[in-house]
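Shown next: input_21.json, containing JSON, N, CA and C atoms.
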[["chain", "number", "residue", "atom", "x", "y", "z"],
["A", 71, "MET", "N", 53.48, -28.46, -1.75],
["A", 71, "MET", "CA", 52.29, -29.21, -2.00],
["A", 71, "MET", "C", 52.37, -30.51, -1.20],
["A", 72, "GLU", "N", 51.26, -30.86, -0.57],
["A", 72, "GLU", "CA", 51.20, -32.08, 0.23],
["A", 72, "GLU", "C", 50.39, -33.18, -0.45],
["A", 73, "SER", "N", 49.46, -32.81, -1.32],
["A", 73, "SER", "CA", 48.61, -33.82, -1.96],
["A", 73, "SER", "C", 48.11, -33.30, -3.30],
["A", 74, "LEU", "N", 47.70, -34.25, -4.14],
["A", 74, "LEU", "CA", 47.25, -33.90, -5.48],
["A", 74, "LEU", "C", 46.22, -34.94, -5.94],
["A", 75, "ALA", "N", 45.17, -34.47, -6.61],
["A", 75, "ALA", "CA", 44.17, -35.38, -7.19],
["A", 75, "ALA", "C", 43.72, -34.82, -8.53],
["A", 76, "ILE", "N", 43.65, -35.70, -9.52],
["A", 76, "ILE", "CA", 43.22, -35.31, -10.87],
["A", 76, "ILE", "C", 41.85, -35.91, -11.12],
["A", 77, "ASP", "N", 40.93, -35.10, -11.60],
["A", 77, "ASP", "CA", 39.58, -35.57, -11.91],
["A", 77, "ASP", "C", 39.67, -36.68, -12.97],
["A", 78, "PRO", "N", 39.10, -37.86, -12.69],
["A", 78, "PRO", "CA", 39.22, -38.97, -13.65],
["A", 78, "PRO", "C", 38.46, -38.76, -14.95],
["A", 79, "THR", "N", 37.54, -37.80, -14.99],
["A", 79, "THR", "CA", 36.79, -37.54, -16.21],
["A", 79, "THR", "C", 37.26, -36.31, -16.96],
["A", 80, "ASP", "N", 38.10, -35.49, -16.32],
["A", 80, "ASP", "CA", 38.58, -34.26, -16.95],
["A", 80, "ASP", "C", 39.98, -33.94, -16.42],
["A", 81, "PRO", "N", 41.02, -34.29, -17.15],
["A", 81, "PRO", "CA", 42.39, -34.08, -16.64],
["A", 81, "PRO", "C", 42.79, -32.62, -16.46],
["A", 82, "ASP", "N", 41.98, -31.68, -16.96],
["A", 82, "ASP", "CA", 42.26, -30.26, -16.72],
["A", 82, "ASP", "C", 41.84, -29.83, -15.33],
["A", 83, "VAL", "N", 41.02, -30.64, -14.65],
["A", 83, "VAL", "CA", 40.56, -30.33, -13.29],
["A", 83, "VAL", "C", 41.48, -31.05, -12.32],
["A", 84, "VAL", "N", 42.23, -30.25, -11.55],
["A", 84, "VAL", "CA", 43.20, -30.79, -10.61],
["A", 84, "VAL", "C", 43.01, -30.09, -9.26],
["A", 85, "TYR", "N", 43.09, -30.87, -8.20],
["A", 85, "TYR", "CA", 43.02, -30.34, -6.84],
["A", 85, "TYR", "C", 44.38, -30.51, -6.20],
["A", 86, "ALA", "N", 44.84, -29.48, -5.48],
["A", 86, "ALA", "CA", 46.13, -29.54, -4.81],
["A", 86, "ALA", "C", 45.94, -29.18, -3.34],
["A", 87, "GLY", "N", 46.48, -30.02, -2.47],
["A", 87, "GLY", "CA", 46.48, -29.72, -1.05],
["A", 87, "GLY", "C", 47.84, -29.14, -0.69],
["A", 88, "THR", "N", 47.82, -28.02, 0.01],
["A", 88, "THR", "CA", 49.07, -27.35, 0.36],
["A", 88, "THR", "C", 49.15, -27.14, 1.87],
["A", 89, "TRP", "N", 50.21, -26.50, 2.31],
["A", 89, "TRP", "CA", 50.36, -26.15, 3.71],
["A", 89, "TRP", "C", 49.48, -24.97, 4.05],
["A", 90, "HIS", "N", 48.79, -24.44, 3.06],
["A", 90, "HIS", "CA", 47.85, -23.34, 3.30],
["A", 90, "HIS", "C", 46.61, -23.54, 2.42],
["A", 91, "LEU", "N", 45.74, -24.48, 2.83],
["A", 91, "LEU", "CA", 44.43, -24.70, 2.21],
["A", 91, "LEU", "C", 44.49, -25.45, 0.87],
["A", 92, "PRO", "N", 43.33, -25.86, 0.37],
["A", 92, "PRO", "CA", 43.26, -26.56, -0.91],
["A", 92, "PRO", "C", 43.07, -25.58, -2.07],
["A", 93, "TRP", "N", 43.50, -26.02, -3.25],
["A", 93, "TRP", "CA", 43.41, -25.20, -4.46],
["A", 93, "TRP", "C", 42.85, -26.05, -5.59],
["A", 94, "LYS", "N", 42.25, -25.40, -6.58],
["A", 94, "LYS", "CA", 41.67, -26.11, -7.72],
["A", 94, "LYS", "C", 41.98, -25.36, -9.01],
["A", 95, "THR", "N", 42.27, -26.13, -10.05],
["A", 95, "THR", "CA", 42.41, -25.57, -11.39],
["A", 95, "THR", "C", 41.44, -26.29, -12.31],
["A", 96, "THR", "N", 40.89, -25.58, -13.25],
["A", 96, "THR", "CA", 40.00, -26.19, -14.25],
["A", 96, "THR", "C", 40.58, -26.02, -15.65],
["A", 97, "ASP", "N", 41.80, -25.47, -15.72],
["A", 97, "ASP", "CA", 42.42, -25.23, -17.02],
["A", 97, "ASP", "C", 43.82, -25.85, -17.11],
["A", 98, "GLY", "N", 43.98, -26.98, -16.45],
["A", 98, "GLY", "CA", 45.25, -27.69, -16.52],
["A", 98, "GLY", "C", 46.40, -27.04, -15.80],
["A", 99, "GLY", "N", 46.12, -26.15, -14.87],
["A", 99, "GLY", "CA", 47.17, -25.53, -14.07],
["A", 99, "GLY", "C", 47.54, -24.11, -14.46],
["A", 100, "LYS", "N", 46.88, -23.55, -15.48],
["A", 100, "LYS", "CA", 47.19, -22.17, -15.88],
["A", 100, "LYS", "C", 46.78, -21.19, -14.79],
["A", 101, "THR", "N", 45.61, -21.42, -14.18],
["A", 101, "THR", "CA", 45.14, -20.58, -13.08],
["A", 101, "THR", "C", 44.64, -21.49, -11.96],
["A", 102, "TRP", "N", 44.74, -21.01, -10.73],
["A", 102, "TRP", "CA", 44.32, -21.77, -9.55],
["A", 102, "TRP", "C", 43.42, -20.92, -8.70],
["A", 103, "SER", "N", 42.42, -21.56, -8.07],
["A", 103, "SER", "CA", 41.50, -20.87, -7.16],
["A", 103, "SER", "C", 41.57, -21.56, -5.81],
["A", 104, "ASN", "N", 41.56, -20.76, -4.75],
["A", 104, "ASN", "CA", 41.51, -21.30, -3.40],
["A", 104, "ASN", "C", 40.10, -21.79, -3.13],
["A", 105, "ILE", "N", 39.96, -22.99, -2.61],
["A", 105, "ILE", "CA", 38.62, -23.54, -2.32],
["A", 105, "ILE", "C", 38.55, -23.92, -0.85],
["A", 106, "LYS", "N", 38.41, -22.93, 0.00],
["A", 106, "LYS", "CA", 38.51, -23.15, 1.43],
["A", 106, "LYS", "C", 37.16, -23.25, 2.15],
["A", 107, "GLN", "N", 36.06, -23.30, 1.44],
["A", 107, "GLN", "CA", 34.75, -23.36, 2.08],
["A", 107, "GLN", "C", 34.67, -24.56, 3.03],
["A", 108, "GLY", "N", 34.35, -24.31, 4.29],
["A", 108, "GLY", "CA", 34.22, -25.36, 5.28],
["A", 108, "GLY", "C", 35.51, -25.77, 5.96],
["A", 109, "ILE", "N", 36.61, -25.11, 5.63],
["A", 109, "ILE", "CA", 37.90, -25.44, 6.20],
["A", 109, "ILE", "C", 38.44, -24.25, 6.97],
["A", 110, "ILE", "N", 39.02, -24.50, 8.11],
["A", 110, "ILE", "CA", 39.60, -23.44, 8.93],
["A", 110, "ILE", "C", 40.76, -22.80, 8.17],
["A", 111, "ASP", "N", 40.83, -21.47, 8.20],
["A", 111, "ASP", "CA", 41.92, -20.77, 7.53],
["A", 111, "ASP", "C", 43.27, -21.31, 7.98],
["A", 112, "ASP", "N", 44.17, -21.41, 7.05],
["A", 112, "ASP", "CA", 45.55, -21.85, 7.28],
["A", 112, "ASP", "C", 45.66, -23.33, 7.67],
["A", 113, "SER", "N", 44.72, -24.15, 7.16],
["A", 113, "SER", "CA", 44.79, -25.59, 7.41],
["A", 113, "SER", "C", 45.69, -26.27, 6.39],
["A", 114, "ASP", "N", 46.53, -27.18, 6.87],
["A", 114, "ASP", "CA", 47.30, -28.04, 5.98],
["A", 114, "ASP", "C", 46.35, -29.07, 5.39],
["A", 115, "VAL", "N", 46.46, -29.36, 4.10],
["A", 115, "VAL", "CA", 45.62, -30.37, 3.47],
["A", 115, "VAL", "C", 46.50, -31.57, 3.14],
["A", 116, "PHE", "N", 46.30, -32.64, 3.89],
["A", 116, "PHE", "CA", 47.16, -33.82, 3.79],
["A", 116, "PHE", "C", 46.77, -34.79, 2.69],
["A", 117, "SER", "N", 45.49, -34.87, 2.37],
["A", 117, "SER", "CA", 45.05, -35.78, 1.31],
["A", 117, "SER", "C", 43.79, -35.25, 0.65],
["A", 118, "ILE", "N", 43.61, -35.64, -0.60],
["A", 118, "ILE", "CA", 42.44, -35.22, -1.37],
["A", 118, "ILE", "C", 41.86, -36.46, -2.03],
["A", 119, "ILE", "N", 40.54, -36.59, -1.96],
["A", 119, "ILE", "CA", 39.86, -37.73, -2.55],
["A", 119, "ILE", "C", 38.75, -37.24, -3.46],
["A", 120, "ILE", "N", 38.72, -37.74, -4.68],
["A", 120, "ILE", "CA", 37.59, -37.48, -5.57],
["A", 120, "ILE", "C", 36.76, -38.75, -5.55],
["A", 121, "ASP", "N", 35.55, -38.68, -5.06],
["A", 121, "ASP", "CA", 34.68, -39.84, -4.97],
["A", 121, "ASP", "C", 34.23, -40.26, -6.36],
["A", 122, "PRO", "N", 34.62, -41.46, -6.82],
["A", 122, "PRO", "CA", 34.27, -41.87, -8.19],
["A", 122, "PRO", "C", 32.78, -42.10, -8.39],
["A", 123, "ALA", "N", 32.03, -42.32, -7.32],
["A", 123, "ALA", "CA", 30.59, -42.53, -7.44],
["A", 123, "ALA", "C", 29.85, -41.22, -7.71],
["A", 124, "ILE", "N", 30.40, -40.12, -7.21],
["A", 124, "ILE", "CA", 29.80, -38.80, -7.40],
["A", 124, "ILE", "C", 30.92, -37.89, -7.87],
["A", 125, "LEU", "N", 31.21, -37.92, -9.14],
["A", 125, "LEU", "CA", 32.36, -37.20, -9.67],
["A", 125, "LEU", "C", 32.34, -35.73, -9.28],
["A", 126, "ARG", "N", 33.54, -35.21, -9.06],
["A", 126, "ARG", "CA", 33.79, -33.83, -8.68],
["A", 126, "ARG", "C", 33.42, -33.51, -7.24],
["A", 127, "LEU", "N", 33.15, -34.55, -6.47],
["A", 127, "LEU", "CA", 32.97, -34.35, -5.03],
["A", 127, "LEU", "C", 34.34, -34.24, -4.42],
["A", 128, "PHE", "N", 34.60, -33.17, -3.73],
["A", 128, "PHE", "CA", 35.93, -32.88, -3.22],
["A", 128, "PHE", "C", 35.94, -33.08, -1.72],
["A", 129, "SER", "N", 36.82, -33.91, -1.22],
["A", 129, "SER", "CA", 36.86, -34.23, 0.19],
["A", 129, "SER", "C", 38.29, -34.17, 0.73],
["A", 130, "PRO", "N", 38.71, -33.03, 1.24],
["A", 130, "PRO", "CA", 40.07, -32.96, 1.76],
["A", 130, "PRO", "C", 40.17, -33.37, 3.23],
["A", 131, "ALA", "N", 41.22, -34.06, 3.58],
["A", 131, "ALA", "CA", 41.55, -34.31, 4.99],
["A", 131, "ALA", "C", 42.57, -33.25, 5.36],
["A", 132, "HIS", "N", 42.29, -32.53, 6.43],
["A", 132, "HIS", "CA", 43.16, -31.41, 6.79],
["A", 132, "HIS", "C", 43.45, -31.42, 8.28],
["A", 133, "ALA", "N", 44.22, -30.48, 8.72],
["A", 133, "ALA", "CA", 44.69, -30.44, 10.11],
["A", 133, "ALA", "C", 43.55, -30.39, 11.12],
["A", 134, "ALA", "N", 42.40, -29.84, 10.74],
["A", 134, "ALA", "CA", 41.29, -29.70, 11.68],
["A", 134, "ALA", "C", 40.28, -30.85, 11.56],
["A", 135, "GLY", "N", 40.55, -31.83, 10.69],
["A", 135, "GLY", "CA", 39.63, -32.95, 10.55],
["A", 135, "GLY", "C", 39.42, -33.34, 9.11],
["A", 136, "PHE", "N", 38.18, -33.67, 8.79],
["A", 136, "PHE", "CA", 37.84, -34.12, 7.45],
["A", 136, "PHE", "C", 36.64, -33.33, 6.97],
["A", 137, "THR", "N", 36.71, -32.77, 5.77],
["A", 137, "THR", "CA", 35.63, -31.98, 5.23],
["A", 137, "THR", "C", 35.08, -32.64, 3.99],
["A", 138, "ARG", "N", 33.79, -32.72, 3.88],
["A", 138, "ARG", "CA", 33.16, -33.26, 2.68],
["A", 138, "ARG", "C", 32.40, -32.12, 2.02],
["A", 139, "ALA", "N", 32.81, -31.77, 0.82],
["A", 139, "ALA", "CA", 32.18, -30.63, 0.14],
["A", 139, "ALA", "C", 31.37, -31.10, -1.05]]
Please lay out the structure from this file as structure tokens.
Amino acid sequence: MESLAIDPTDPDVVYAGTWHLPWKTTDGGKTWSNIKQGIIDDSDVFSIIIDPAILRLFSPAHAAGFTRA
């Protein structure tokens, strides 16, 4: 894992950046889903930002640039 962000309004929602795309859990880590929409396959995700002004906005910085989802 390269990065981690916890939703400030719901601690069960966690985003993880890995050496192979970003992942999301909504159940505190019991299950994880790959969330690669808009990101090149096999991108490293170096940082994750949850915009506090628009909660649950996911913005990973990855090897191919910056994606705003």
At a cut-off of 6.5 Å, can you tabulate as JSON lines every residue of stretch 72-97 of chain A near stretch 116-124 of chain A together with its closest atom pair and the distance in Å to one decimal, using all atoms listed in the file and ordering rows by chain then number?
{"residue": "A:Glu72", "atom": "C", "partner": "A:Phe116", "partner_atom": "C", "distance": 5.1}
{"residue": "A:Ser73", "atom": "CA", "partner": "A:Phe116", "partner_atom": "C", "distance": 5.1}
{"residue": "A:Leu74", "atom": "N", "partner": "A:Ile118", "partner_atom": "N", "distance": 5.6}
{"residue": "A:Ala75", "atom": "CA", "partner": "A:Ile118", "partner_atom": "C", "distance": 5.8}
{"residue": "A:Gly87", "atom": "CA", "partner": "A:Phe116", "partner_atom": "N", "distance": 5.7}
{"residue": "A:Thr88", "atom": "N", "partner": "A:Phe116", "partner_atom": "N", "distance": 6.2}
Would you list the contacts of stretch 91-94 of chain A as a list of chain:residue names, taking every protein, DNA or RNA residue within 6.5 Å and counting only N, CA and C atoms, but skipping same-chain residues closer than 6 positions in sequence?
-> A:Val84, A:Tyr85, A:Thr101, A:Trp102, A:Ser103, A:Asn104, A:Ile105, A:Lys106, A:Asp112, A:Ser113, A:Asp114, A:Val115
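Pairwise distance (atom C of A:Gly98, atom N of A:Pro81) equals 9.1 Å.
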Mind giving me the straight-line distance from atom N of A:Asp82 to atom CA of A:Asp111 in Å, one decimal?
-> 26.8 Å
What separation in Å, quoted to one decimal, exists between atom N of A:Lys100 and atom N of A:Pro78?
->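 Answer for the atom N of A:Lys100 to atom N of A:Pro78 separation: 16.5 Å.
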